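Working notes for the structure below.
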Amino acid sequence: MSNNKLKKVSLAAAAAGVMAGTANAAESKAVNKLIAKIKDKSDKVRAEAWLSAGEVGAPAVRPLAAVMTDKDLEVARAAKRGLWKIVRYVGRPGAGSEKRAVTAELIALLSDNQPTPVRREVLWMLSEIGQNKAVEAVASLLSNSELREDARMVLQRIPGRKSIAALRAGLKAAPRNFKINIAQSLRQRGVRVRGLPCVKLVPTKKTNVKPMK
């Protein structure tokens, strides 16, 4: 490669690095500004913050999740609303790359080091935008006694064969008292399940009503 070409490549790489650094700095500034407003004492400022969170996107997902457990319930609520705003914003038509970025951040929040309330909320967020990429992470929580019901319902909502396969596998591995729940999700997806009663046909209350003769 000639010296001129090497110089051009080096300049292009340097320019790309500067642009990336500038973009990262702008993202960090936007996230910090959002979190500061989410934590503000003013109801009005917090509302303005979470309503505008959508455009901040993926970089704000984890910082907002961290504030969802704030001791100030109004601050925690504003953070949760802001995170939902991001989910709904990236769910719009034509926002595929943004959706994938946010999905990746949400999946990371399903890890064991996150509080159960955060993980539960994230599960339902993934039911909105997760699709196939979220199935494995969601399915792993079918064995979690606190989150398995949420995971089951989220898999029921995610379209495609992969979520059905995850429910089938979950049915085989589930304890007896949870199999009926997963079976019901499979039936909702159009899968025939034998050997387990349908919960719709199981009485939940005692009745004195007798069949007509």
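In the structure tokens, the first chain shown is A, the next is B, and so on; residue numbers restart at 1 for each chain, and ligands run from 1 in the order shown.
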
key: All residues 10 Å or closer to A:Tyr89, only C-alpha atoms, same chain fewer than 6 positions away omitted, as a VMD selection string   = chain A and resid 52 to 57 83 95 98 to 99

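Close contacts of A:Gly82, defined as residues with an atom at most 10 Å away when counting only C-alpha atoms, with chain neighbours fewer than 5 positions off set aside, comprise Leu34, Ile35, Ile38, Arg46, Ala47, Glu48, Ala49, Trp50, Leu51, Ser52, Ala53, Gly54, Val56, Gly57, Ala60, Val61, Leu64, Ala65, Met68, Ala76, Arg77, Val87 and Arg88 of chain A.
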
Put those residues in a file: N, CA and C atoms, as an mmCIF file, in the first residue's frame.
```cif
data_model
loop_
_atom_site.group_PDB
_atom_site.id
_atom_site.type_symbol
_atom_site.label_atom_id
_atom_site.label_comp_id
_atom_site.auth_asym_id
_atom_site.auth_seq_id
_atom_site.Cartn_x
_atom_site.Cartn_y
_atom_site.Cartn_z
ATOM 1 N N LEU A 34 -31.058 12.937 31.743
ATOM 2 C CA LEU A 34 -32.320 12.243 31.972
ATOM 3 C C LEU A 34 -32.419 11.738 33.404
ATOM 4 N N ILE A 35 -31.375 11.073 33.880
ATOM 5 C CA ILE A 35 -31.399 10.512 35.231
ATOM 6 C C ILE A 35 -31.512 11.613 36.287
ATOM 7 N N ILE A 38 -35.065 12.619 36.312
ATOM 8 C CA ILE A 38 -35.897 11.550 36.882
ATOM 9 C C ILE A 38 -35.842 11.596 38.414
ATOM 10 N N ARG A 46 -39.924 15.494 36.747
ATOM 11 C CA ARG A 46 -39.856 14.035 36.568
ATOM 12 C C ARG A 46 -40.752 13.582 35.414
ATOM 13 N N ALA A 47 -41.947 14.161 35.348
ATOM 14 C CA ALA A 47 -42.883 13.791 34.275
ATOM 15 C C ALA A 47 -42.312 14.160 32.904
ATOM 16 N N GLU A 48 -41.758 15.344 32.807
ATOM 17 C CA GLU A 48 -41.144 15.772 31.540
ATOM 18 C C GLU A 48 -39.999 14.846 31.158
ATOM 19 N N ALA A 49 -39.280 14.360 32.169
ATOM 20 C CA ALA A 49 -38.135 13.484 31.910
ATOM 21 C C ALA A 49 -38.584 12.136 31.348
ATOM 22 N N TRP A 50 -39.497 11.464 32.034
ATOM 23 C CA TRP A 50 -39.860 10.133 31.553
ATOM 24 C C TRP A 50 -40.631 10.186 30.236
ATOM 25 N N LEU A 51 -41.358 11.275 30.015
ATOM 26 C CA LEU A 51 -42.076 11.418 28.748
ATOM 27 C C LEU A 51 -41.125 11.592 27.564
ATOM 28 N N SER A 52 -39.932 12.094 27.827
ATOM 29 C CA SER A 52 -38.960 12.329 26.751
ATOM 30 C C SER A 52 -37.883 11.252 26.688
ATOM 31 N N ALA A 53 -38.031 10.197 27.487
ATOM 32 C CA ALA A 53 -36.979 9.183 27.584
ATOM 33 C C ALA A 53 -36.817 8.354 26.318
ATOM 34 N N GLY A 54 -37.859 8.236 25.539
ATOM 35 C CA GLY A 54 -37.835 7.367 24.366
ATOM 36 C C GLY A 54 -36.666 7.615 23.443
ATOM 37 N N VAL A 56 -33.801 8.852 24.035
ATOM 38 C CA VAL A 56 -32.475 8.583 24.610
ATOM 39 C C VAL A 56 -32.069 7.138 24.309
ATOM 40 N N GLY A 57 -33.038 6.253 24.317
ATOM 41 C CA GLY A 57 -32.822 4.890 23.832
ATOM 42 C C GLY A 57 -31.989 3.973 24.697
ATOM 43 N N ALA A 60 -29.828 4.481 27.992
ATOM 44 C CA ALA A 60 -30.506 4.829 29.239
ATOM 45 C C ALA A 60 -31.156 3.643 29.928
ATOM 46 N N VAL A 61 -31.155 2.475 29.289
ATOM 47 C CA VAL A 61 -31.878 1.328 29.837
ATOM 48 C C VAL A 61 -31.348 0.911 31.205
ATOM 49 N N LEU A 64 -31.690 3.653 34.024
ATOM 50 C CA LEU A 64 -33.070 3.770 34.478
ATOM 51 C C LEU A 64 -33.459 2.577 35.345
ATOM 52 N N ALA A 65 -33.030 1.382 34.949
ATOM 53 C CA ALA A 65 -33.330 0.187 35.732
ATOM 54 C C ALA A 65 -32.748 0.294 37.137
ATOM 55 N N MET A 68 -35.021 2.254 39.312
ATOM 56 C CA MET A 68 -36.342 1.658 39.554
ATOM 57 C C MET A 68 -36.506 1.137 40.975
ATOM 58 N N ALA A 76 -38.730 6.125 41.703
ATOM 59 C CA ALA A 76 -38.705 4.769 41.142
ATOM 60 C C ALA A 76 -39.781 4.600 40.075
ATOM 61 N N ARG A 77 -40.948 5.147 40.334
ATOM 62 C CA ARG A 77 -42.053 5.058 39.372
ATOM 63 C C ARG A 77 -41.717 5.819 38.082
ATOM 64 N N VAL A 87 -39.156 1.452 25.526
ATOM 65 C CA VAL A 87 -39.626 0.214 24.900
ATOM 66 C C VAL A 87 -40.684 0.511 23.843
ATOM 67 N N ARG A 88 -41.629 1.360 24.190
ATOM 68 C CA ARG A 88 -42.694 1.680 23.236
ATOM 69 C C ARG A 88 -42.147 2.494 22.059
#
```

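Picture a line from atom CA of A:Gly160 to atom CA of A:Ser140; it runs 17.5 Å.
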
12 Å contact set for A:Gly195, only C-alpha atoms, chain neighbours under 3 positions out, as a list in words =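 Once the adjacent positions are removed, what remains is Leu171, Arg176, Lys179, Ile180, Ala183, Arg192 and Cys198 of chain A.
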
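Between atom CA of A:Ala166 and atom CA of A:Val102 the interatomic distance comes to 22.2 Å.
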
task = Enumerate, as a PyMOL selection string, the complete set of residues in stretch 10-209 of chain A that a backbone-based DSSP assignment places in helix (DSSP H, G or I).
result = chain A and resi 10-38+43-51+53-56+58-67+73-90+96-108+116-129+132-143+148-157+161-173+176-188+199-201

ask   = Can you tell me, as an MDAnalysis selection string, what residues are no more than 8 Å from stretch 114-127 of chain A when counting only C-alpha atoms, ignoring any on the same chain fewer than 5 positions away?
value = chainID A and resid 65 68:69 84 87 103 106:107 109 134 138 146:147 150:151 154:155 157:158

Atomic separation - atom CA of A:Pro197 relative to atom CA of A:Phe178, Å =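 Computed distance, atom CA of A:Phe178 to atom CA of A:Pro197, equals 12.1 Å.
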
key: A:Arg152 surroundings by only C-alpha atoms, 8 Å radius, close-in-sequence under 3 positions cut, as a list of chain:residue names   = A:Ala139, A:Leu142, A:Arg148, A:Glu149, A:Leu155, A:Gln156, A:Leu167, A:Asn181, A:Ile182, A:Ser185

Any chance you could export the current selection's C-alpha atoms as a short mmCIF file (atom, residue, chain, number, x, y, z; two decimals), in the first residue's frame?
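Result saved to part14.cif:
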```
data_model
loop_
_atom_site.label_atom_id
_atom_site.label_comp_id
_atom_site.auth_asym_id
_atom_site.auth_seq_id
_atom_site.Cartn_x
_atom_site.Cartn_y
_atom_site.Cartn_z
CA ALA A 139 -37.11 -19.46 29.09
CA LEU A 142 -39.15 -20.95 33.92
CA ARG A 148 -41.64 -18.54 36.29
CA GLU A 149 -45.26 -17.44 35.90
CA LEU A 155 -43.20 -16.80 26.13
CA GLN A 156 -46.88 -17.20 25.38
CA LEU A 167 -42.62 -23.81 26.24
CA ASN A 181 -49.75 -23.60 33.63
CA ILE A 182 -47.31 -24.20 30.80
CA SER A 185 -49.87 -21.45 27.41
#
```
